[in-house]
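Pasted below: start39.pdb, PDB, C-alpha atoms and all ligand atoms.
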```pdb
ATOM      1  CA  MET A   4      65.818  53.131 144.206  1.00  0.00           C
ATOM      2  CA  ILE A   5      66.687  51.533 140.873  1.00  0.00           C
ATOM      3  CA  GLY A   6      65.620  53.683 137.906  1.00  0.00           C
ATOM      4  CA  LYS A   7      65.192  56.862 139.991  1.00  0.00           C
ATOM      5  CA  GLY A   8      67.572  58.795 137.772  1.00  0.00           C
ATOM      6  CA  LEU A   9      65.790  57.596 134.625  1.00  0.00           C
ATOM      7  CA  LEU A  10      62.390  58.714 135.966  1.00  0.00           C
ATOM      8  CA  LYS A  11      63.798  62.091 136.976  1.00  0.00           C
ATOM      9  CA  GLY A  12      65.234  62.564 133.481  1.00  0.00           C
ATOM     10  CA  LEU A  13      61.967  61.576 131.793  1.00  0.00           C
ATOM     11  CA  GLY A  14      60.112  64.018 134.059  1.00  0.00           C
ATOM     12  CA  ILE A  15      62.343  66.863 132.883  1.00  0.00           C
ATOM     13  CA  THR A  16      61.884  65.767 129.245  1.00  0.00           C
ATOM     14  CA  PHE A  17      58.053  65.729 129.551  1.00  0.00           C
ATOM     15  CA  LYS A  18      58.060  69.093 131.311  1.00  0.00           C
ATOM     16  CA  HIS A  19      60.027  70.771 128.545  1.00  0.00           C
ATOM     17  CA  GLY A  20      58.175  68.792 125.851  1.00  0.00           C
ATOM     18  CA  LYS A  21      55.036  70.780 126.609  1.00  0.00           C
ATOM     19  CA  GLU A  22      56.743  74.154 126.249  1.00  0.00           C
ATOM     20  CA  LYS A  23      56.556  76.270 123.117  1.00  0.00           C
ATOM     21  CA  ASN A  24      59.393  75.654 120.633  1.00  0.00           C
ATOM     22  CA  ILE A  25      62.078  78.307 120.649  1.00  0.00           C
ATOM     23  CA  THR A  26      64.000  76.826 117.700  1.00  0.00           C
ATOM     24  CA  VAL A  27      63.063  77.460 114.054  1.00  0.00           C
ATOM     25  CA  GLN A  28      63.544  75.407 110.899  1.00  0.00           C
ATOM     26  CA  TYR A  29      66.363  77.590 109.568  1.00  0.00           C
ATOM     27  CA  PRO A  30      67.032  78.230 106.670  1.00  0.00           C
ATOM     28  CA  GLU A  31      63.392  77.584 105.620  1.00  0.00           C
ATOM     29  CA  VAL A  32      62.254  79.816 108.460  1.00  0.00           C
ATOM     30  CA  MET A  33      64.350  82.856 109.280  1.00  0.00           C
ATOM     31  CA  PRO A  34      64.905  83.590 112.965  1.00  0.00           C
ATOM     32  CA  TYR A  35      63.405  86.668 114.585  1.00  0.00           C
ATOM     33  CA  LEU A  36      66.136  89.276 115.111  1.00  0.00           C
ATOM     34  CA  GLN A  37      65.986  92.037 117.682  1.00  0.00           C
ATOM     35  CA  GLU A  38      65.845  95.566 116.319  1.00  0.00           C
ATOM     36  CA  ARG A  39      69.433  96.361 117.338  1.00  0.00           C
ATOM     37  CA  TYR A  40      70.882  93.039 116.117  1.00  0.00           C
ATOM     38  CA  ARG A  41      74.267  93.588 114.406  1.00  0.00           C
ATOM     39  CA  GLY A  42      74.538  91.581 111.213  1.00  0.00           C
ATOM     40  CA  CYS A  43      76.558  92.968 108.327  1.00  0.00           C
ATOM     41  CA  LEU A  44      78.338  96.329 108.534  1.00  0.00           C
ATOM     42  CA  GLU A  45      77.349  98.519 105.580  1.00  0.00           C
ATOM     43  CA  PHE A  46      78.518 101.862 104.259  1.00  0.00           C
ATOM     44  CA  ASP A  47      76.765 104.594 102.281  1.00  0.00           C
ATOM     45  CA  PRO A  48      79.377 106.506 100.200  1.00  0.00           C
ATOM     46  CA  LYS A  49      77.172 109.490  99.429  1.00  0.00           C
ATOM     47  CA  ASP A  50      77.103 110.557 103.098  1.00  0.00           C
ATOM     48  CA  CYS A  51      80.788 110.055 103.862  1.00  0.00           C
ATOM     49  CA  ILE A  52      82.725 113.258 104.575  1.00  0.00           C
ATOM     50  CA  VAL A  53      86.072 111.405 104.648  1.00  0.00           C
ATOM     51  CA  CYS A  54      86.806 112.468 108.214  1.00  0.00           C
ATOM     52  CA  GLY A  55      88.466 109.170 109.201  1.00  0.00           C
ATOM     53  CA  MET A  56      86.791 109.046 112.636  1.00  0.00           C
ATOM     54  CA  CYS A  57      85.582 105.488 112.016  1.00  0.00           C
ATOM     55  CA  ILE A  58      89.104 104.312 111.182  1.00  0.00           C
ATOM     56  CA  LYS A  59      90.498 105.848 114.372  1.00  0.00           C
ATOM     57  CA  ALA A  60      87.714 104.261 116.426  1.00  0.00           C
ATOM     58  CA  CYS A  61      88.148 100.737 115.083  1.00  0.00           C
ATOM     59  CA  PRO A  62      90.324  98.606 117.371  1.00  0.00           C
ATOM     60  CA  ASN A  63      90.896  95.914 114.733  1.00  0.00           C
ATOM     61  CA  ASN A  64      91.947  97.892 111.647  1.00  0.00           C
ATOM     62  CA  VAL A  65      88.893  96.634 109.795  1.00  0.00           C
ATOM     63  CA  LEU A  66      88.268  99.893 107.957  1.00  0.00           C
ATOM     64  CA  SER A  67      90.354 101.827 105.478  1.00  0.00           C
ATOM     65  CA  LEU A  68      89.719 104.500 102.893  1.00  0.00           C
ATOM     66  CA  GLU A  69      91.420 106.244 100.046  1.00  0.00           C
ATOM     67  CA  SER A  70      90.684 109.874  99.327  1.00  0.00           C
ATOM     68  CA  ALA A  71      91.766 112.584  96.919  1.00  0.00           C
ATOM     69  CA  ALA A  72      91.480 116.372  96.861  1.00  0.00           C
ATOM     70  CA  MET A  73      88.456 117.658  94.948  1.00  0.00           C
ATOM     71  CA  PRO A  74      89.539 119.586  91.835  1.00  0.00           C
ATOM     72  CA  GLY A  75      89.818 123.292  92.675  1.00  0.00           C
ATOM     73  CA  SER A  76      88.977 122.781  96.336  1.00  0.00           C
ATOM     74  CA  LYS A  77      90.605 121.862  99.611  1.00  0.00           C
ATOM     75  CA  LYS A  78      87.819 119.355 100.290  1.00  0.00           C
ATOM     76  CA  LYS A  79      88.547 115.690 100.031  1.00  0.00           C
ATOM     77  CA  GLN A  80      86.484 113.224  98.107  1.00  0.00           C
ATOM     78  CA  LEU A  81      86.211 109.519  98.606  1.00  0.00           C
ATOM     79  CA  VAL A  82      88.060 107.251  96.204  1.00  0.00           C
ATOM     80  CA  SER A  83      87.309 103.939  97.887  1.00  0.00           C
ATOM     81  CA  TYR A  84      86.197 102.626 101.254  1.00  0.00           C
ATOM     82  CA  THR A  85      87.028  99.120 102.415  1.00  0.00           C
ATOM     83  CA  ILE A  86      85.441  97.039 105.153  1.00  0.00           C
ATOM     84  CA  ASP A  87      87.462  93.876 105.797  1.00  0.00           C
ATOM     85  CA  LEU A  88      84.647  92.162 107.632  1.00  0.00           C
ATOM     86  CA  GLN A  89      86.631  89.044 108.535  1.00  0.00           C
ATOM     87  CA  TYR A  90      88.347  91.001 111.331  1.00  0.00           C
ATOM     88  CA  CYS A  91      85.239  92.818 112.562  1.00  0.00           C
ATOM     89  CA  MET A  92      84.051  92.020 116.079  1.00  0.00           C
ATOM     90  CA  PHE A  93      80.783  93.937 115.634  1.00  0.00           C
ATOM     91  CA  CYS A  94      81.557  96.234 118.556  1.00  0.00           C
ATOM     92  CA  ASN A  95      79.714  99.210 116.972  1.00  0.00           C
ATOM     93  CA  LEU A  96      82.483 101.702 117.867  1.00  0.00           C
ATOM     94  CA  CYS A  97      82.830 102.867 114.262  1.00  0.00           C
ATOM     95  CA  VAL A  98      79.076 103.400 113.927  1.00  0.00           C
ATOM     96  CA  GLU A  99      79.045 105.480 117.112  1.00  0.00           C
ATOM     97  CA  ALA A 100      82.051 107.514 115.947  1.00  0.00           C
ATOM     98  CA  CYS A 101      80.647 108.355 112.494  1.00  0.00           C
ATOM     99  CA  PRO A 102      79.191 111.895 112.532  1.00  0.00           C
ATOM    100  CA  THR A 103      77.037 111.360 109.431  1.00  0.00           C
ATOM    101  CA  ASN A 104      75.523 107.917 110.106  1.00  0.00           C
ATOM    102  CA  THR A 105      77.296 106.620 107.031  1.00  0.00           C
ATOM    103  CA  LEU A 106      78.090 103.295 108.669  1.00  0.00           C
ATOM    104  CA  TYR A 107      75.307 101.082 109.916  1.00  0.00           C
ATOM    105  CA  PHE A 108      74.551  97.463 110.740  1.00  0.00           C
ATOM    106  CA  THR A 109      71.919  95.530 108.831  1.00  0.00           C
ATOM    107  CA  HIS A 110      70.131  92.326 109.852  1.00  0.00           C
ATOM    108  CA  HIS A 111      71.932  90.361 107.156  1.00  0.00           C
ATOM    109  CA  PHE A 112      73.864  87.667 109.014  1.00  0.00           C
ATOM    110  CA  GLU A 113      74.626  85.011 106.377  1.00  0.00           C
ATOM    111  CA  LEU A 114      78.202  86.143 105.827  1.00  0.00           C
ATOM    112  CA  SER A 115      80.015  82.889 105.147  1.00  0.00           C
ATOM    113  CA  THR A 116      81.924  82.752 101.863  1.00  0.00           C
ATOM    114  CA  ALA A 117      83.917  80.098 100.030  1.00  0.00           C
ATOM    115  CA  GLU A 118      86.961  82.375  99.812  1.00  0.00           C
ATOM    116  CA  ARG A 119      88.415  84.502 102.575  1.00  0.00           C
ATOM    117  CA  GLY A 120      88.955  87.525 100.297  1.00  0.00           C
ATOM    118  CA  ALA A 121      85.305  87.597  99.225  1.00  0.00           C
ATOM    119  CA  ILE A 122      84.203  88.857 102.644  1.00  0.00           C
ATOM    120  CA  LYS A 123      86.085  92.108 102.055  1.00  0.00           C
ATOM    121  CA  ARG A 124      83.651  94.813 100.920  1.00  0.00           C
ATOM    122  CA  ILE A 125      84.915  97.663  98.776  1.00  0.00           C
ATOM    123  CA  TYR A 126      82.722 100.663  98.052  1.00  0.00           C
ATOM    124  CA  THR A 127      83.639 103.028  95.275  1.00  0.00           C
ATOM    125  CA  PRO A 128      81.684 106.080  94.141  1.00  0.00           C
ATOM    126  CA  ALA A 129      81.309 106.686  90.435  1.00  0.00           C
ATOM    127  CA  PRO A 130      84.507 108.228  88.985  1.00  0.00           C
ATOM    128  CA  GLY A 131      84.461 112.012  89.227  1.00  0.00           C
ATOM    129  CA  THR A 132      81.430 112.111  91.495  1.00  0.00           C
ATOM    130  CA  PRO A 133      81.949 114.537  94.369  1.00  0.00           C
ATOM    131  CA  VAL A 134      80.354 112.397  97.045  1.00  0.00           C
ATOM    132  CA  ALA A 135      80.916 114.658 100.012  1.00  0.00           C
ATOM    133  CA  ASP A 136      78.939 117.691  98.839  1.00  0.00           C
ATOM    134  CA  GLY A 137      75.576 116.231  99.803  1.00  0.00           C
ATOM    135  CA  GLU A 138      73.995 116.922  96.394  1.00  0.00           C
ATOM    136  CA  SER A 139      75.409 114.478  93.918  1.00  0.00           C
ATOM    137  CA  GLU A 140      74.231 110.917  93.852  1.00  0.00           C
ATOM    138  CA  ALA A 141      76.979 108.421  94.435  1.00  0.00           C
ATOM    139  CA  VAL A 142      76.788 105.176  92.538  1.00  0.00           C
ATOM    140  CA  ILE A 143      78.176 102.076  94.157  1.00  0.00           C
ATOM    141  CA  ILE A 144      80.014  99.821  91.786  1.00  0.00           C
ATOM    142  CA  PRO A 145      79.390  96.284  93.048  1.00  0.00           C
ATOM    143  CA  PRO A 146      82.255  95.261  95.354  1.00  0.00           C
ATOM    144  CA  GLU A 147      82.670  91.948  93.511  1.00  0.00           C
ATOM    145  CA  ALA A 148      83.430  93.791  90.257  1.00  0.00           C
ATOM    146  CA  LEU A 149      86.062  96.022  91.792  1.00  0.00           C
ATOM    147  CA  ALA A 150      87.472  93.992  94.632  1.00  0.00           C
ATOM    148  CA  ASP A 151      90.233  92.287  92.679  1.00  0.00           C
ATOM    149  CA  GLN A 152      91.346  95.422  90.849  1.00  0.00           C
ATOM    150  CA  VAL A 153      91.332  97.726  93.875  1.00  0.00           C
ATOM    151  CA  ASP A 154      92.883  95.044  96.075  1.00  0.00           C
ATOM    152  CA  THR A 155      95.804  94.576  93.710  1.00  0.00           C
ATOM    153  CA  GLU A 156      96.350  98.299  93.155  1.00  0.00           C
ATOM    154  CA  ALA A 157      96.168  99.147  96.848  1.00  0.00           C
ATOM    155  CA  GLU A 158      98.453  96.277  97.804  1.00  0.00           C
ATOM    156  CA  ALA A 159     100.986  97.209  95.089  1.00  0.00           C
ATOM    157  CA  LYS A 160     101.004 100.810  96.327  1.00  0.00           C
ATOM    158  CA  ARG A 161     101.426  99.667  99.924  1.00  0.00           C
ATOM    159  CA  LEU A 162     104.295  97.316  99.069  1.00  0.00           C
ATOM    160  CA  LYS A 163     106.052 100.125  97.209  1.00  0.00           C
ATOM    161  CA  GLN A 164     105.766 102.378 100.257  1.00  0.00           C
ATOM    162  CA  VAL A 165     107.014  99.639 102.618  1.00  0.00           C
ATOM    163  CA  GLN A 166     109.989  98.950 100.309  1.00  0.00           C
ATOM    164  CA  ALA A 167     110.810 102.667 100.176  1.00  0.00           C
ATOM    165  CA  MET A 168     110.740 102.801 103.966  1.00  0.00           C
ATOM    166  CA  LYS A 169     112.988  99.733 104.218  1.00  0.00           C
ATOM    167  CA  GLY A 170     115.380 101.291 101.698  1.00  0.00           C
ATOM    168  CA  ALA A 171     115.595 104.478 103.783  1.00  0.00           C
ATOM    169  CA  ILE A 172     116.386 102.460 106.921  1.00  0.00           C
ATOM    170  CA  SER A 173     119.022 100.375 105.116  1.00  0.00           C
ATOM    171  CA  LYS A 174     120.684 103.555 103.828  1.00  0.00           C
ATOM    172  CA  GLY A 175     120.937 104.856 107.390  1.00  0.00           C
ATOM    173  CA  ASN A 176     118.335 107.618 107.099  1.00  0.00           C
ATOM    174  CA  SER A 177     117.383 108.146 110.729  1.00  0.00           C
ATOM    175  CA  LYS A 178     115.190 111.145 109.832  1.00  0.00           C
ATOM    176  CA  VAL A 179     112.373 108.838 108.687  1.00  0.00           C
ATOM    177  CA  LEU A 180     112.408 107.293 112.162  1.00  0.00           C
ATOM    178  CA  ALA A 181     112.511 110.563 114.088  1.00  0.00           C
ATOM    179  CA  LYS A 182     108.730 111.044 114.190  1.00  0.00           C
ATOM    180  CA  PHE A 183     108.228 107.625 115.763  1.00  0.00           C
ATOM    181  CA  VAL A 184     110.454 108.269 118.802  1.00  0.00           C
ATOM    182  CA  ASP A 185     111.005 111.153 121.222  1.00  0.00           C
ATOM    183  CA  SER A 186     114.425 112.459 120.175  1.00  0.00           C
ATOM    184  CA  GLU A 187     117.042 112.353 117.445  1.00  0.00           C
ATOM    185  CA  GLU A 188     119.227 110.334 119.763  1.00  0.00           C
ATOM    186  CA  ASP A 189     116.473 107.699 120.061  1.00  0.00           C
ATOM    187  CA  ALA A 190     116.059 107.750 116.269  1.00  0.00           C
ATOM    188  CA  SER A 191     119.766 106.966 115.823  1.00  0.00           C
ATOM    189  CA  LEU A 192     119.493 104.158 118.372  1.00  0.00           C
ATOM    190  CA  LEU A 193     116.407 102.785 116.639  1.00  0.00           C
ATOM    191  CA  LEU A 194     118.258 102.877 113.327  1.00  0.00           C
ATOM    192  CA  ILE A 195     121.078 100.746 114.767  1.00  0.00           C
ATOM    193  CA  ILE A 196     118.528  98.270 116.209  1.00  0.00           C
ATOM    194  CA  LEU A 197     116.681  97.933 112.903  1.00  0.00           C
ATOM    195  CA  GLN A 198     119.804  97.676 110.776  1.00  0.00           C
ATOM    196  CA  GLY A 199     120.967  94.794 112.960  1.00  0.00           C
ATOM    197  CA  ASP A 200     117.751  92.794 112.733  1.00  0.00           C
ATOM    198  CA  GLU A 201     115.984  92.268 109.411  1.00  0.00           C
ATOM    199  CA  LYS A 202     112.817  90.928 111.013  1.00  0.00           C
ATOM    200  CA  LYS A 203     112.469  94.026 113.152  1.00  0.00           C
ATOM    201  CA  GLN A 204     113.210  96.161 110.105  1.00  0.00           C
ATOM    202  CA  ASP A 205     110.417  94.467 108.109  1.00  0.00           C
ATOM    203  CA  LYS A 206     107.985  94.814 110.987  1.00  0.00           C
ATOM    204  CA  MET A 207     108.729  98.495 111.557  1.00  0.00           C
ATOM    205  CA  ALA A 208     108.636  99.402 107.852  1.00  0.00           C
ATOM    206  CA  ALA A 209     105.203  97.775 107.489  1.00  0.00           C
ATOM    207  CA  LEU A 210     103.859  99.402 110.664  1.00  0.00           C
ATOM    208  CA  MET A 211     105.159 102.824 109.645  1.00  0.00           C
ATOM    209  CA  ILE A 212     102.964 102.585 106.564  1.00  0.00           C
ATOM    210  CA  ASP A 213      99.961 100.704 107.978  1.00  0.00           C
ATOM    211  CA  ASP A 214      99.564 101.966 111.527  1.00  0.00           C
ATOM    212  CA  LYS A 215     101.592 104.975 112.648  1.00  0.00           C
ATOM    213  CA  ASP A 216     100.337 104.939 116.252  1.00  0.00           C
ATOM    214  CA  LYS A 217     101.318 101.318 116.674  1.00  0.00           C
ATOM    215  CA  ALA A 218     104.654 101.981 114.929  1.00  0.00           C
ATOM    216  CA  ARG A 219     105.386 104.666 117.535  1.00  0.00           C
ATOM    217  CA  LYS A 220     104.572 102.299 120.400  1.00  0.00           C
ATOM    218  CA  VAL A 221     106.721  99.513 118.941  1.00  0.00           C
ATOM    219  CA  ALA A 222     109.630 101.895 118.175  1.00  0.00           C
ATOM    220  CA  THR A 223     109.498 103.304 121.716  1.00  0.00           C
ATOM    221  CA  ALA A 224     109.496  99.762 123.125  1.00  0.00           C
ATOM    222  CA  PHE A 225     112.502  98.749 120.960  1.00  0.00           C
ATOM    223  CA  VAL A 226     114.478 101.781 122.113  1.00  0.00           C
ATOM    224  CA  ALA A 227     113.514 101.353 125.774  1.00  0.00           C
ATOM    225  CA  LYS A 228     114.582  97.694 125.700  1.00  0.00           C
ATOM    226  CA  GLU A 229     117.890  98.550 124.042  1.00  0.00           C
ATOM    227  CA  LYS A 230     118.562 101.199 126.699  1.00  0.00           C
ATOM    228  CA  ARG A 231     117.720  98.740 129.493  1.00  0.00           C
ATOM    229  CA  ASP A 232     120.002  96.099 127.974  1.00  0.00           C
ATOM    230  CA  LYS A 233     122.823  98.632 127.649  1.00  0.00           C
ATOM    231  CA  ALA A 234     122.405  99.773 131.251  1.00  0.00           C
ATOM    232  CA  LYS A 235     122.450  96.152 132.463  1.00  0.00           C
ATOM    233  CA  SER A 236     125.619  95.349 130.532  1.00  0.00           C
ATOM    234  CA  GLU A 237     127.277  98.532 131.916  1.00  0.00           C
ATOM    235  CA  GLU A 238     126.348  97.407 135.439  1.00  0.00           C
ATOM    236  CA  GLY A 239     127.806  93.961 134.723  1.00  0.00           C
ATOM    237  CA  LYS A 240     131.137  95.480 133.699  1.00  0.00           C
ATOM    238  CA  GLN A 241     131.481  97.479 136.911  1.00  0.00           C
TER     239      GLN A 241
HETATM  240  S1  LIG B   1      82.239  97.155 114.494  1.00  0.00           S
HETATM  241 FE1  LIG B   1      84.106  97.427 115.725  1.00  0.00          FE
HETATM  242  S2  LIG B   1      85.600  95.974 114.861  1.00  0.00           S
HETATM  243 FE2  LIG B   1      83.921  96.177 113.368  1.00  0.00          FE
HETATM  244  S3  LIG B   1      84.619  97.795 111.969  1.00  0.00           S
HETATM  245 FE3  LIG B   1      83.394  98.811 113.547  1.00  0.00          FE
HETATM  246  S4  LIG B   1      84.874  99.451 115.120  1.00  0.00           S
HETATM  247 FE4  LIG B   1      85.909  97.941 113.808  1.00  0.00          FE
HETATM  248  S1  LIG B   2      82.258 106.628 107.406  1.00  0.00           S
HETATM  249 FE1  LIG B   2      81.703 108.291 108.807  1.00  0.00          FE
HETATM  250  S2  LIG B   2      83.398 108.408 110.273  1.00  0.00           S
HETATM  251 FE2  LIG B   2      84.134 107.161 108.528  1.00  0.00          FE
HETATM  252  S3  LIG B   2      85.178 108.640 107.202  1.00  0.00           S
HETATM  253 FE3  LIG B   2      83.029 108.518 106.465  1.00  0.00          FE
HETATM  254  S4  LIG B   2      81.930 110.156 107.566  1.00  0.00           S
HETATM  255 FE4  LIG B   2      83.892 109.858 108.648  1.00  0.00          FE
END
```
Would you mind writing the file out in structure tokens?
Ligand code: SF4
Ligand code: SF4
Amino acid sequence: MIGKGLLKGLGITFKHGKEKNITVQYPEVMPYLQERYRGCLEFDPKDCIVCGMCIKACPNNVLSLESAAMPGSKKKQLVSYTIDLQYCMFCNLCVEACPTNTLYFTHHFELSTAERGAIKRIYTPAPGTPVADGESEAVIIPPEALADQVDTEAEAKRLKQVQAMKGAISKGNSKVLAKFVDSEEDASLLLIILQGDEKKQDKMAALMIDDKDKARKVATAFVAKEKRDKAKSEEGKQ
């Protein structure tokens, strides 16, 4: 029948037209969010005991912290805590891992920014405030005010460490590589691999500073591949 499809479509439209609206006039009207909705990840410096559990739990390297020894004590105190939210996948693993409920999700979901760097949140307690003793009040300096300064300082420090690591590799110091492989023999082999390939050298030096677990995996893979290649070429000669 001609027009059957049109009538069927109109029927569906009328049926749904009578239902209650489930959309809202955002941003004039804010949507209802479930209690456990994960918006923005926040951090409360006064509760942080600088244990690093959150950093180990995060699969995306979103979190980082700087700490220093408290004067006259073996305890550590927080210097700065960074949440690079652009890489966060809101999996909640860090929140679950934190023993002091320092990390938590809020319902704030309007996270878009004009600049990529502005989404990075840096929390810094007031200078000299022992934040881990549970008594002193920590004061958060607004992230916007400190972001640039801390970013530049941290990045400069990191680059210095990466350069030092590269220098050690270039000079043939296999000792710096020994803790990333299983034996001294593997460290020597890794040194030869890295000295022969600048890209690999750059990658390893950066990983050795940024992510030691990953550096170990990559170093082991480099060495294993080199051994396989050597074995194959030996077989070819026979
Ligand atoms: S929610 Fe997941 S991805 Fe985001 S910081 Fe926590 S552990 Fe990392
Ligand atoms: S936020 Fe929690 S898990 Fe992370 S270092 Fe502080 S106390 Fe430890």
Translate the PyMOL selection byres (((chain A and resi 86-94) around 12) and not hetatm), as applied to the file shown, into an explicit residue set as a PyMOL selection string. chain A and resi 39-47+57-58+60-68+83-85+95-100+106-109+112+114-116+118-127+146+150+154
Write out as a tab-separated table a residue-level contact list of chain A versus ligand LIG 2 (chain B) with cut-off 6 Å: for each qualifying residue the closest pair of atoms and the distance in Å to one decimal, counting only C-alpha atoms and all ligand atoms, rows sorted by chain and residue number upward.
```
residue	atom	partner	partner_atom	distance
A:Cys51	CA	B:LIG2	FE3	3.8
A:Ile52	CA	B:LIG2	S4	4.4
A:Val53	CA	B:LIG2	S3	3.9
A:Cys54	CA	B:LIG2	FE4	3.9
A:Gly55	CA	B:LIG2	S3	3.9
A:Met56	CA	B:LIG2	S2	4.2
A:Cys57	CA	B:LIG2	S2	4.0
A:Ala100	CA	B:LIG2	S2	5.9
A:Cys101	CA	B:LIG2	S2	3.5
A:Pro102	CA	B:LIG2	FE1	5.8
A:Thr103	CA	B:LIG2	S4	5.4
A:Thr105	CA	B:LIG2	S1	5.0
A:Leu106	CA	B:LIG2	S1	5.5
```
Name all residues at most 9 Å from Lys79 of chain A (count only C-alpha atoms; drop same-chain ones fewer than 2 positions away) and give them as a tab-separated table (two decimals) with C-alpha atoms, keeping the file's coordinate frame.
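Once everything was written out, this is out-v5.tsv:
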```
chain	number	residue	atom	x	y	z
A	52	ILE	CA	82.72	113.26	104.58
A	53	VAL	CA	86.07	111.40	104.65
A	54	CYS	CA	86.81	112.47	108.21
A	70	SER	CA	90.68	109.87	99.33
A	71	ALA	CA	91.77	112.58	96.92
A	72	ALA	CA	91.48	116.37	96.86
A	73	MET	CA	88.46	117.66	94.95
A	76	SER	CA	88.98	122.78	96.34
A	77	LYS	CA	90.60	121.86	99.61
A	81	LEU	CA	86.21	109.52	98.61
A	133	PRO	CA	81.95	114.54	94.37
A	135	ALA	CA	80.92	114.66	100.01
```
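For the pair atom CA of Val165 of chain A and atom CA of Ser186 of chain A, the interatomic distance is 23.0 Å.
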Expressed in Å to a single decimal, how great is the separation between atom CA of Lys220 of chain A and atom CA of Phe183 of chain A? 8.0 Å
Taking the file as shown, find all residues satisfying the PyMOL selection byres (((chain A and resi 210) around 12) and not hetatm) and write them as a PyMOL selection string. chain A and resi 161-162+164-165+168-169+180+183+203-209+211-222
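The spacing separating atom CA of Asp232 of chain A from atom CA of Ile196 of chain A amounts to 12.1 Å.
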Would you list the contacts of Val179 of chain A as a PyMOL selection string, taking every protein, DNA or RNA residue within 9 Å and counting only C-alpha atoms, but skipping same-chain residues closer than 5 positions in sequence? chain A and resi 168+171-172+190
Keeping C-alpha atoms, export the residues of the selection given above as a PDB file, keeping the file's coordinate frame.
```pdb
ATOM      1  CA  MET A 168     110.740 102.801 103.966  1.00  0.00           C
ATOM      2  CA  ALA A 171     115.595 104.478 103.783  1.00  0.00           C
ATOM      3  CA  ILE A 172     116.386 102.460 106.921  1.00  0.00           C
ATOM      4  CA  ALA A 190     116.059 107.750 116.269  1.00  0.00           C
TER       5      ALA A 190
END
```
Axis-aligned box over every listed atom of segment 63-79 of chain A, padded by 6 Å per side: centre and edges in Å to one decimal, as JSON?
```
{"center_x": 89.9, "center_y": 109.6, "center_z": 103.3, "size_x": 16.1, "size_y": 39.4, "size_z": 34.9}
```
Between A:Gln198, A:Glu113, A:Asn104, A:Thr16, smallest distance to Pro30 of chain A by all atoms listed in the file belongs to A:Glu113
Pick from A:Glu158, A:Lys59, A:Lys202, A:Asn176 nearest to ligand LIG 1 (chain B), counting all atoms listed in the file: A:Lys59
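Nearest to Lys230 of chain A of all the residues A:Leu9, A:Leu197, A:Met4, A:Leu192 is A:Leu192, based on all atoms listed in the file.
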